[in-house]
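The file start-v8.cif comes next; it holds mmCIF, C-alpha atoms and all ligand atoms.
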```
data_structure
#
loop_
_atom_site.label_atom_id
_atom_site.label_comp_id
_atom_site.auth_asym_id
_atom_site.auth_seq_id
_atom_site.Cartn_x
_atom_site.Cartn_y
_atom_site.Cartn_z
CA MET G 151 -34.60 17.68 47.73
CA GLU G 152 -36.75 20.28 49.43
CA ILE G 153 -34.63 23.24 50.53
CA LYS G 154 -35.41 24.26 54.10
CA THR G 155 -32.10 25.13 55.73
CA ILE G 156 -29.67 27.62 54.19
CA GLY G 157 -26.05 27.77 55.34
CA VAL G 158 -24.40 31.20 55.03
CA VAL G 159 -20.62 31.33 55.54
CA GLY G 160 -19.46 34.76 56.73
CA ALA G 161 -21.49 37.17 58.86
CA GLY G 162 -20.02 40.41 57.46
CA THR G 163 -21.63 43.09 55.29
CA MET G 164 -23.03 40.60 52.77
CA GLY G 165 -23.37 37.43 54.84
CA ASN G 166 -25.69 38.98 57.42
CA GLY G 167 -27.81 40.54 54.66
CA ILE G 168 -28.12 37.21 52.85
CA ALA G 169 -29.02 35.45 56.12
CA GLN G 170 -31.67 38.11 56.84
CA VAL G 171 -33.32 37.79 53.44
CA PHE G 172 -33.50 33.99 53.45
CA ALA G 173 -34.81 33.93 57.04
CA TYR G 174 -37.38 36.63 56.30
CA HIS G 175 -38.73 34.48 53.48
CA GLY G 176 -39.22 31.51 55.80
CA PHE G 177 -36.00 29.51 55.44
CA ASP G 178 -34.07 28.31 58.48
CA VAL G 179 -30.59 29.82 58.37
CA ILE G 180 -27.27 28.76 59.85
CA MET G 181 -24.91 31.74 59.75
CA SER G 182 -21.25 30.98 60.43
CA ASP G 183 -18.10 33.03 60.86
CA VAL G 184 -14.59 32.38 62.14
CA SER G 185 -15.06 35.29 64.51
CA ALA G 186 -17.64 35.19 67.34
CA ALA G 187 -17.52 39.01 67.45
CA ALA G 188 -18.41 39.15 63.73
CA LEU G 189 -21.39 36.86 64.39
CA GLU G 190 -22.57 39.13 67.18
CA ARG G 191 -22.20 42.20 64.96
CA GLY G 192 -23.96 40.39 62.12
CA LEU G 193 -26.94 39.48 64.29
CA ALA G 194 -27.15 43.03 65.65
CA THR G 195 -27.12 44.41 62.08
CA ILE G 196 -29.94 42.06 61.07
CA LYS G 197 -32.02 43.09 64.10
CA LYS G 198 -31.51 46.78 63.37
CA SER G 199 -32.32 46.38 59.68
CA LEU G 200 -35.52 44.42 60.40
CA GLU G 201 -36.64 46.92 63.02
CA ARG G 202 -36.04 49.80 60.61
CA LEU G 203 -38.06 48.03 57.88
CA ALA G 204 -40.88 47.33 60.36
CA SER G 205 -40.91 50.94 61.61
CA LYS G 206 -41.30 52.10 57.99
CA GLU G 207 -44.13 49.55 57.57
CA LYS G 208 -42.20 47.77 54.80
CA ILE G 209 -42.57 44.47 56.70
CA PRO G 210 -45.14 43.32 59.32
CA VAL G 211 -44.48 44.31 62.96
CA ASP G 212 -44.07 40.69 64.04
CA ALA G 213 -41.58 39.89 61.22
CA PRO G 214 -38.37 40.96 63.04
CA ALA G 215 -38.86 38.50 65.92
CA ALA G 216 -40.02 35.67 63.64
CA THR G 217 -37.09 36.23 61.25
CA LEU G 218 -34.49 36.35 64.03
CA ALA G 219 -35.90 33.13 65.51
CA ARG G 220 -35.08 31.32 62.25
CA ILE G 221 -31.37 32.29 62.35
CA CYS G 222 -28.82 30.36 64.34
CA SER G 223 -25.19 31.42 64.46
CA THR G 224 -22.11 29.26 64.84
CA THR G 225 -18.33 29.30 64.57
CA ARG G 226 -18.35 25.57 63.67
CA LEU G 227 -18.44 24.90 59.94
CA GLU G 228 -19.32 21.26 60.78
CA ASP G 229 -22.87 22.51 61.51
CA PHE G 230 -23.32 22.87 57.75
CA ALA G 231 -23.77 19.09 57.54
CA ARG G 232 -27.50 19.80 58.00
CA ALA G 233 -27.73 22.59 55.39
CA ASP G 234 -29.70 22.02 52.17
CA PHE G 235 -28.04 24.87 50.27
CA VAL G 236 -24.95 26.95 51.04
CA VAL G 237 -23.95 30.52 50.14
CA GLU G 238 -20.38 31.50 50.89
CA ALA G 239 -19.75 35.20 51.70
CA VAL G 240 -16.30 35.38 53.30
CA VAL G 241 -13.61 37.94 52.43
CA GLU G 242 -12.60 38.24 48.78
CA HIS G 243 -9.43 36.09 48.84
CA GLU G 244 -9.13 33.29 46.37
CA ALA G 245 -6.94 30.95 48.47
CA LEU G 246 -9.35 31.30 51.41
CA LYS G 247 -12.40 30.59 49.25
CA LEU G 248 -10.72 27.59 47.57
CA ASP G 249 -9.92 26.14 50.97
CA LEU G 250 -13.47 26.77 52.17
CA PHE G 251 -15.03 25.11 49.12
CA ARG G 252 -12.83 22.04 49.70
CA GLN G 253 -14.02 21.93 53.33
CA LEU G 254 -17.69 22.51 52.46
CA ASP G 255 -17.49 19.78 49.82
CA GLY G 256 -16.28 17.36 52.49
CA LEU G 257 -18.87 18.43 55.06
CA CYS G 258 -22.11 18.99 53.15
CA LYS G 259 -24.58 16.40 51.94
CA PRO G 260 -23.64 15.23 48.42
CA GLU G 261 -26.79 16.66 46.79
CA VAL G 262 -26.24 20.16 48.22
CA VAL G 263 -25.48 23.06 45.85
CA LEU G 264 -22.59 25.31 46.93
CA ALA G 265 -22.94 28.94 45.85
CA SER G 266 -20.43 31.77 46.19
CA ASN G 267 -21.26 35.44 46.62
CA THR G 268 -17.79 36.36 45.31
CA SER G 269 -17.62 39.67 43.46
CA SER G 270 -14.94 38.67 41.00
CA ILE G 271 -13.24 35.31 41.56
CA PRO G 272 -13.96 32.77 38.78
CA ILE G 273 -16.62 30.29 39.89
CA THR G 274 -15.03 27.74 37.55
CA ARG G 275 -11.97 27.60 39.85
CA LEU G 276 -14.07 27.20 42.99
CA ALA G 277 -16.02 24.39 41.29
CA ALA G 278 -12.80 22.65 40.24
CA VAL G 279 -11.61 22.03 43.82
CA THR G 280 -14.79 20.15 44.75
CA ARG G 281 -16.06 16.67 43.87
CA ARG G 282 -19.38 18.26 42.88
CA PRO G 283 -18.34 20.82 40.21
CA ALA G 284 -21.75 20.61 38.46
CA GLN G 285 -23.34 21.81 41.74
CA VAL G 286 -21.21 24.93 42.18
CA ILE G 287 -22.49 28.32 41.06
CA GLY G 288 -22.18 32.06 41.69
CA MET G 289 -25.04 33.77 43.51
CA HIS G 290 -23.95 37.39 43.59
CA PHE G 291 -26.14 39.59 45.77
CA MET G 292 -25.92 43.38 45.79
CA ASN G 293 -25.30 45.59 48.82
CA PRO G 294 -27.43 46.23 50.91
CA VAL G 295 -28.91 42.78 50.34
CA PRO G 296 -32.34 43.38 51.95
CA LEU G 297 -32.96 46.38 49.67
CA MET G 298 -31.36 45.49 46.34
CA GLU G 299 -33.40 43.53 43.85
CA LEU G 300 -30.69 42.05 41.62
CA VAL G 301 -28.98 38.70 41.98
CA GLU G 302 -26.38 37.97 39.32
CA ILE G 303 -26.27 34.20 38.82
CA ILE G 304 -22.97 33.02 37.42
CA ARG G 305 -22.63 29.70 35.66
CA ALA G 306 -19.20 28.12 35.96
CA LEU G 307 -18.06 26.10 32.95
CA GLN G 308 -19.04 23.00 34.92
CA THR G 309 -22.42 24.21 36.34
CA ALA G 310 -25.33 21.88 35.47
CA ASP G 311 -28.58 23.27 34.06
CA GLU G 312 -30.45 21.80 37.09
CA THR G 313 -28.16 23.75 39.43
CA TYR G 314 -28.85 26.97 37.56
CA ALA G 315 -32.61 26.31 37.60
CA LEU G 316 -32.55 25.62 41.35
CA VAL G 317 -30.70 28.86 42.15
CA GLU G 318 -32.88 30.92 39.82
CA ASP G 319 -35.95 29.53 41.58
CA LEU G 320 -34.44 30.25 45.03
CA ALA G 321 -33.66 33.84 43.99
CA ARG G 322 -37.30 34.35 42.99
CA ARG G 323 -38.51 32.80 46.25
CA ILE G 324 -36.63 35.47 48.20
CA ALA G 325 -38.15 38.18 45.95
CA LYS G 326 -34.99 38.91 43.96
CA THR G 327 -34.64 39.29 40.19
CA PRO G 328 -32.06 36.86 38.80
CA VAL G 329 -29.89 37.68 35.78
CA GLU G 330 -27.82 34.95 34.10
CA VAL G 331 -24.18 35.76 33.45
CA LYS G 332 -21.20 33.74 32.21
CA ASP G 333 -18.13 33.23 34.34
CA ALA G 334 -15.36 35.83 33.84
CA TYR G 335 -13.38 38.07 36.21
CA GLY G 336 -15.82 40.51 37.81
CA PHE G 337 -18.78 39.01 35.89
CA VAL G 338 -20.82 41.92 34.47
CA SER G 339 -21.59 44.01 37.57
CA ASN G 340 -18.06 44.55 38.82
CA ARG G 341 -16.49 44.56 35.37
CA VAL G 342 -18.44 47.76 34.78
CA LEU G 343 -18.83 49.22 38.29
CA MET G 344 -15.33 48.83 39.79
CA PRO G 345 -13.34 50.56 37.02
CA MET G 346 -15.78 53.48 37.39
CA ILE G 347 -15.20 53.65 41.16
CA ASN G 348 -11.43 53.28 40.64
CA GLU G 349 -11.47 56.14 38.10
CA ALA G 350 -13.37 58.34 40.59
CA ILE G 351 -10.58 57.58 43.13
CA PHE G 352 -7.97 58.55 40.50
CA ALA G 353 -9.86 61.84 39.98
CA LEU G 354 -9.62 62.50 43.73
CA HIS G 355 -5.97 61.34 43.84
CA GLU G 356 -5.08 63.79 41.06
CA GLY G 357 -6.83 66.60 42.94
CA LEU G 358 -9.42 67.20 40.22
CA ALA G 359 -12.20 67.78 42.74
CA THR G 360 -13.33 67.07 46.30
CA PRO G 361 -15.09 63.76 47.13
CA GLU G 362 -18.38 65.67 47.45
CA ALA G 363 -17.89 67.30 44.04
CA ILE G 364 -16.99 64.00 42.32
CA ASP G 365 -20.05 62.31 43.81
CA THR G 366 -22.29 65.25 42.92
CA VAL G 367 -21.17 65.10 39.27
CA MET G 368 -22.23 61.46 39.06
CA LYS G 369 -25.47 61.94 41.03
CA LEU G 370 -26.80 65.06 39.34
CA GLY G 371 -25.09 64.61 36.00
CA MET G 372 -25.57 60.88 35.43
CA ASN G 373 -28.60 60.31 37.66
CA HIS G 374 -26.76 57.80 39.86
CA PRO G 375 -28.58 57.46 43.21
CA MET G 376 -25.24 57.48 45.02
CA GLY G 377 -21.83 58.87 44.03
CA PRO G 378 -18.97 56.41 43.33
CA LEU G 379 -16.92 57.39 46.41
CA ALA G 380 -19.87 57.06 48.79
CA LEU G 381 -20.63 53.73 47.13
CA ALA G 382 -17.01 52.60 47.60
CA ASP G 383 -17.35 53.42 51.33
CA LEU G 384 -20.53 51.34 51.46
CA ILE G 385 -18.97 48.37 49.66
CA GLY G 386 -15.76 48.51 51.73
CA LEU G 387 -12.47 49.80 50.33
CA ASP G 388 -10.70 46.49 51.02
CA THR G 389 -13.34 44.70 48.94
CA CYS G 390 -12.95 47.28 46.15
CA LEU G 391 -9.17 46.81 46.14
CA ASN G 392 -9.46 43.03 46.11
CA ILE G 393 -11.82 43.17 43.13
CA MET G 394 -9.57 45.58 41.19
CA ASN G 395 -6.63 43.25 41.84
CA VAL G 396 -8.62 40.28 40.52
CA LEU G 397 -9.49 42.24 37.32
CA TYR G 398 -5.89 43.54 36.97
CA THR G 399 -4.14 40.21 37.37
CA GLY G 400 -6.93 38.15 35.77
CA PHE G 401 -7.10 40.08 32.49
CA ASN G 402 -3.43 41.12 32.75
CA ASP G 403 -4.47 44.56 31.49
CA SER G 404 -3.11 47.82 32.93
CA LYS G 405 -6.47 49.56 32.45
CA TYR G 406 -7.57 47.78 35.65
CA ARG G 407 -4.63 48.93 37.85
CA PRO G 408 -5.90 49.93 41.31
CA CYS G 409 -5.42 53.61 42.17
CA PRO G 410 -2.49 54.14 44.61
CA LEU G 411 -4.80 56.16 46.89
CA LEU G 412 -7.14 53.16 47.21
CA LYS G 413 -4.19 50.97 48.23
CA GLN G 414 -2.98 53.55 50.73
CA MET G 415 -6.39 53.94 52.35
CA VAL G 416 -6.67 50.18 52.77
CA ASP G 417 -3.14 50.15 54.29
CA ALA G 418 -4.33 52.82 56.75
CA GLY G 419 -7.32 50.69 57.74
CA TRP G 420 -9.73 53.30 56.36
CA LEU G 421 -12.15 50.81 54.85
CA GLY G 422 -15.29 52.95 54.60
CA ARG G 423 -18.47 52.67 56.63
CA LYS G 424 -17.45 49.49 58.42
CA THR G 425 -14.48 51.23 60.09
CA GLY G 426 -16.14 54.65 60.40
CA ARG G 427 -13.77 56.30 57.92
CA GLY G 428 -13.28 56.09 54.17
CA PHE G 429 -13.73 58.93 51.69
CA TYR G 430 -16.22 60.26 54.23
CA THR G 431 -16.47 59.81 58.02
CA TYR G 432 -19.30 57.94 59.74
CA ASP G 433 -20.58 57.51 63.28
CA LYS G 434 -19.72 53.97 64.30
P1 LIG G 501 -16.78 41.51 55.17
O1 LIG G 501 -15.33 41.77 55.39
O2 LIG G 501 -17.78 42.50 55.63
O3 LIG G 501 -17.18 40.10 55.85
C1 LIG G 501 -16.45 38.92 55.62
C2 LIG G 501 -16.64 38.02 56.83
O4 LIG G 501 -16.05 36.73 56.53
C3 LIG G 501 -15.97 38.52 58.12
O5 LIG G 501 -16.92 38.60 59.15
C4 LIG G 501 -14.90 37.46 58.42
O6 LIG G 501 -14.71 37.24 59.81
C5 LIG G 501 -15.51 36.24 57.76
N1 LIG G 501 -14.57 35.14 57.44
C6 LIG G 501 -13.31 35.23 57.01
N2 LIG G 501 -12.82 33.98 56.82
C7 LIG G 501 -13.80 33.11 57.14
C8 LIG G 501 -13.91 31.68 57.13
N3 LIG G 501 -12.89 30.91 56.76
N4 LIG G 501 -15.08 31.13 57.53
C9 LIG G 501 -16.12 31.92 57.92
N5 LIG G 501 -16.07 33.27 57.92
C10 LIG G 501 -14.92 33.85 57.54
O7 LIG G 501 -16.93 41.22 53.59
P2 LIG G 501 -18.23 41.39 52.67
O8 LIG G 501 -18.28 42.77 52.14
O9 LIG G 501 -19.41 40.82 53.38
O10 LIG G 501 -17.84 40.45 51.44
C11 LIG G 501 -18.06 39.06 51.48
C12 LIG G 501 -18.07 38.54 50.05
O11 LIG G 501 -19.15 39.16 49.32
C13 LIG G 501 -16.79 38.84 49.25
O12 LIG G 501 -16.54 37.76 48.39
C14 LIG G 501 -17.18 40.08 48.47
O13 LIG G 501 -16.43 40.22 47.29
C15 LIG G 501 -18.64 39.79 48.16
N6 LIG G 501 -19.49 40.95 47.86
C16 LIG G 501 -19.36 42.11 48.58
C17 LIG G 501 -20.20 43.18 48.29
C18 LIG G 501 -20.11 44.46 49.07
O14 LIG G 501 -20.71 45.46 48.66
N7 LIG G 501 -19.45 44.47 50.22
C19 LIG G 501 -21.18 43.08 47.28
C20 LIG G 501 -21.31 41.86 46.60
C21 LIG G 501 -20.45 40.80 46.89
#
```
Let me see the structure of the file written as structure tokens.
Amino acid sequence: MEIKTIGVVGAGTMGNGIAQVFAYHGFDVIMSDVSAAALERGLATIKKSLERLASKEKIPVDAPAATLARICSTTRLEDFARADFVVEAVVEHEALKLDLFRQLDGLCKPEVVLASNTSSIPITRLAAVTRRPAQVIGMHFMNPVPLMELVEIIRALQTADETYALVEDLARRIAKTPVEVKDAYGFVSNRVLMPMINEAIFALHEGLATPEAIDTVMKLGMNHPMGPLALADLIGLDTCLNIMNVLYTGFNDSKYRPCPLLKQMVDAGWLGRKTGRGFYTYDK
């Protein structure tokens, strides 16, 4: 089957980035969300990102309009009946994703591959609730999607070789570099990254240093382009907490316990850039 139309579920931080990248590379995109306001915000983010790239001459001047014209937005998941490939990017909650995969399995054409952008939930479990487990896979983009080159491709226990080959090819067609990873909590990226971020939050919680000082240590000392606390704000503190909880309960190992300060900030609704306040404050 020729893949022309990509369905993206979720128009948040990751979903709108994924929609932008596929549309920029010539695919038609259906972007869905349960919230009409989230769709509006997602489209506005895509427009702004494309205009910024065009103003820096990273993409042609006519690309923003052409890319936006290939994206349609909807609150009706039924519209995915015409998608040729689906990437799910809704909030990091296992029950929600399981329910969504059941629905997508019922709605989408039988030959369609269903991919999840989950940061940590086992793809094997998502595959198991569908009648097409060999066609379920992880396609884990990095944030911000239009700028980051890596896509971690996660093979569930059930994933067929053809499914892997198709997703690897798609990743290359949107100018990303795919890396093959086996299915385990957090895969490789978040198994390594999130405990580092969590430890930086513990350092702040224990009063070892200010957020700026902690980030400066990692930037100047370890050559990280961004400090762990600024990165947590970019990722979203709710997403960070969800991932730590998946690692903690999944491996049943106390070394993954989320820092109490992270939990408290999520309780306060201080989720990072998306709410204007996290470890730093941002103009909305
Ligand atoms: P987000 O909170 O910014 O966006 C999630 C969106 O999903 C929201 O707009 C919400 O309205 C929508 N949604 C919720 N339930 C839905 C449903 N049933 N159908 C359709 N839409 C629904 O979250 P995000 O940061 O974009 O994360 C999305 C996924 O990507 C998560 O699985 C996360 O772990 C993963 N991820 C996030 C990052 C990151 O840096 N933020 C990086 C890689 C992967």
Selection as a ChimeraX atom specification: residues within 6 Å of ligand LIG 501 (chain G) by all atoms listed in the file
/G:159-165,182-185,188,239-242,267-269,290-293,385-386,389
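From CA of Glu302 (chain G) back to CA of Arg341 (chain G), the distance works out to 12.5 Å.
Atom pair CA of Ala334 (chain G) / CA of Ala321 (chain G) has a distance of 21.0 Å (rounded to one decimal).
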Proximity to Thr274 (chain G) - best of G:Pro361, G:Gly167, G:Gly371, G:Gly288, only C-alpha atoms
G:Gly288
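Interatomic distance, CA of Ile168 (chain G) to CA of Glu238 (chain G): 9.8 Å.
By chain and then residue number, the residues within 8 Å of Val171 (chain G) are Gly167, His175, Val295, Pro296 and Ile324 of chain G, counting all atoms listed in the file and disregarding those fewer than 4 positions away in sequence.
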Distance cut-off 10 Å, centre (-15.6, 21.1, 36.5) in file coordinates, counting only C-alpha atoms: which residues qualify? Return them as a ChimeraX atom specification.
/G:273-286,306-310
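When all atoms listed in the file are used to measure the gap to Lys208 (chain G), the shortest distance among G:Leu297, G:Asp249, G:Phe177, G:Ile156 belongs to G:Leu297.
Residues lying at most 10 Å from (-33.6, 31.9, 38.3) in file coordinates, with only C-alpha atoms considered, are Val301, Glu302, Ile303, Thr313, Tyr314, Ala315, Leu316, Val317, Glu318, Asp319, Leu320, Ala321, Arg322, Arg323, Lys326, Thr327, Pro328, Val329 and Glu330 of chain G.
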I'd like the neighbourhood of Lys198 (chain G) as a short mmCIF file (atom, residue, chain, number, x, y, z; two decimals) with C-alpha atoms, in the frame of the given file, where a residue qualifies if any of its atoms comes within 12 Å (using all atoms listed in the file), though same-chain residues fewer than 6 positions away should be ignored.
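Result file part_31.cif:
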```cif
data_model
loop_
_atom_site.label_atom_id
_atom_site.label_comp_id
_atom_site.auth_asym_id
_atom_site.auth_seq_id
_atom_site.Cartn_x
_atom_site.Cartn_y
_atom_site.Cartn_z
CA ASN G 166 -25.69 38.98 57.42
CA GLY G 167 -27.81 40.54 54.66
CA GLN G 170 -31.67 38.11 56.84
CA ARG G 191 -22.20 42.20 64.96
CA GLY G 192 -23.96 40.39 62.12
CA ALA G 204 -40.88 47.33 60.36
CA SER G 205 -40.91 50.94 61.61
CA PRO G 214 -38.37 40.96 63.04
CA ALA G 215 -38.86 38.50 65.92
CA LEU G 218 -34.49 36.35 64.03
CA PRO G 296 -32.34 43.38 51.95
#
```
Using only C-alpha atoms, tabulate the residues of region 382-411 of chain G lying at most 7 Å from any atom of region 347-359 of chain G, each with its closest atom pair and that distance in Å to one decimal, by chain and increasing residue number, as JSON lines.
```
{"residue": "G:Ala382", "atom": "CA", "partner": "G:Ile347", "partner_atom": "CA", "distance": 6.8}
{"residue": "G:Pro408", "atom": "CA", "partner": "G:Asn348", "partner_atom": "CA", "distance": 6.5}
{"residue": "G:Cys409", "atom": "CA", "partner": "G:Phe352", "partner_atom": "CA", "distance": 5.8}
{"residue": "G:Leu411", "atom": "CA", "partner": "G:His355", "partner_atom": "CA", "distance": 6.1}
```
Residue selection dump (C-alpha atoms) as a PDB file, keeping the file's coordinate frame:
```
ATOM      1  CA  ALA G 382     -17.010  52.600  47.600  1.00  0.00           C
ATOM      2  CA  PRO G 408      -5.900  49.930  41.310  1.00  0.00           C
ATOM      3  CA  CYS G 409      -5.420  53.610  42.170  1.00  0.00           C
ATOM      4  CA  LEU G 411      -4.800  56.160  46.890  1.00  0.00           C
TER       5      LEU G 411
END
```
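Distance annotation: of G:Thr225, G:Met344, G:Leu387, G:Phe429, the residue with the minimal separation from Asp365 (chain G) is G:Phe429; atom set is only C-alpha atoms.
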Point out the residue among G:Leu257, G:Ala418, G:Ala325, G:Ala233 with the least atom-to-atom distance to Tyr174 (chain G), counting all atoms listed in the file.
G:Ala325
Using all atoms listed in the file, determine which residues lie at most 12 Å from Thr425 (chain G), disregarding the query and same-chain residues fewer than 3 positions distant; provide the list as a list in words.
Thr163, Asp383, Leu384, Ile385, Gly386, Leu387, Asp388, Met415, Val416, Ala418, Gly419, Trp420, Leu421, Gly422, Gly428, Phe429, Tyr430, Thr431, Tyr432, Asp433 and Lys434 of chain G
Have a look at G:Leu248, G:Val331, G:Met151, G:Leu227 and name the one nearest to Pro260 (chain G); count all atoms listed in the file.
G:Met151
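Neighbours of Thr399 (chain G) closer than or equal to 10 Å, with only C-alpha atoms counted and sequence neighbours fewer than 6 positions away skipped, come out as Tyr335, Tyr406 and Arg407 of chain G.
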Using all atoms listed in the file, the residue out of G:Arg220, G:Lys332, G:Lys247, G:His374 with shortest distance to Arg305 (chain G) is G:Lys332
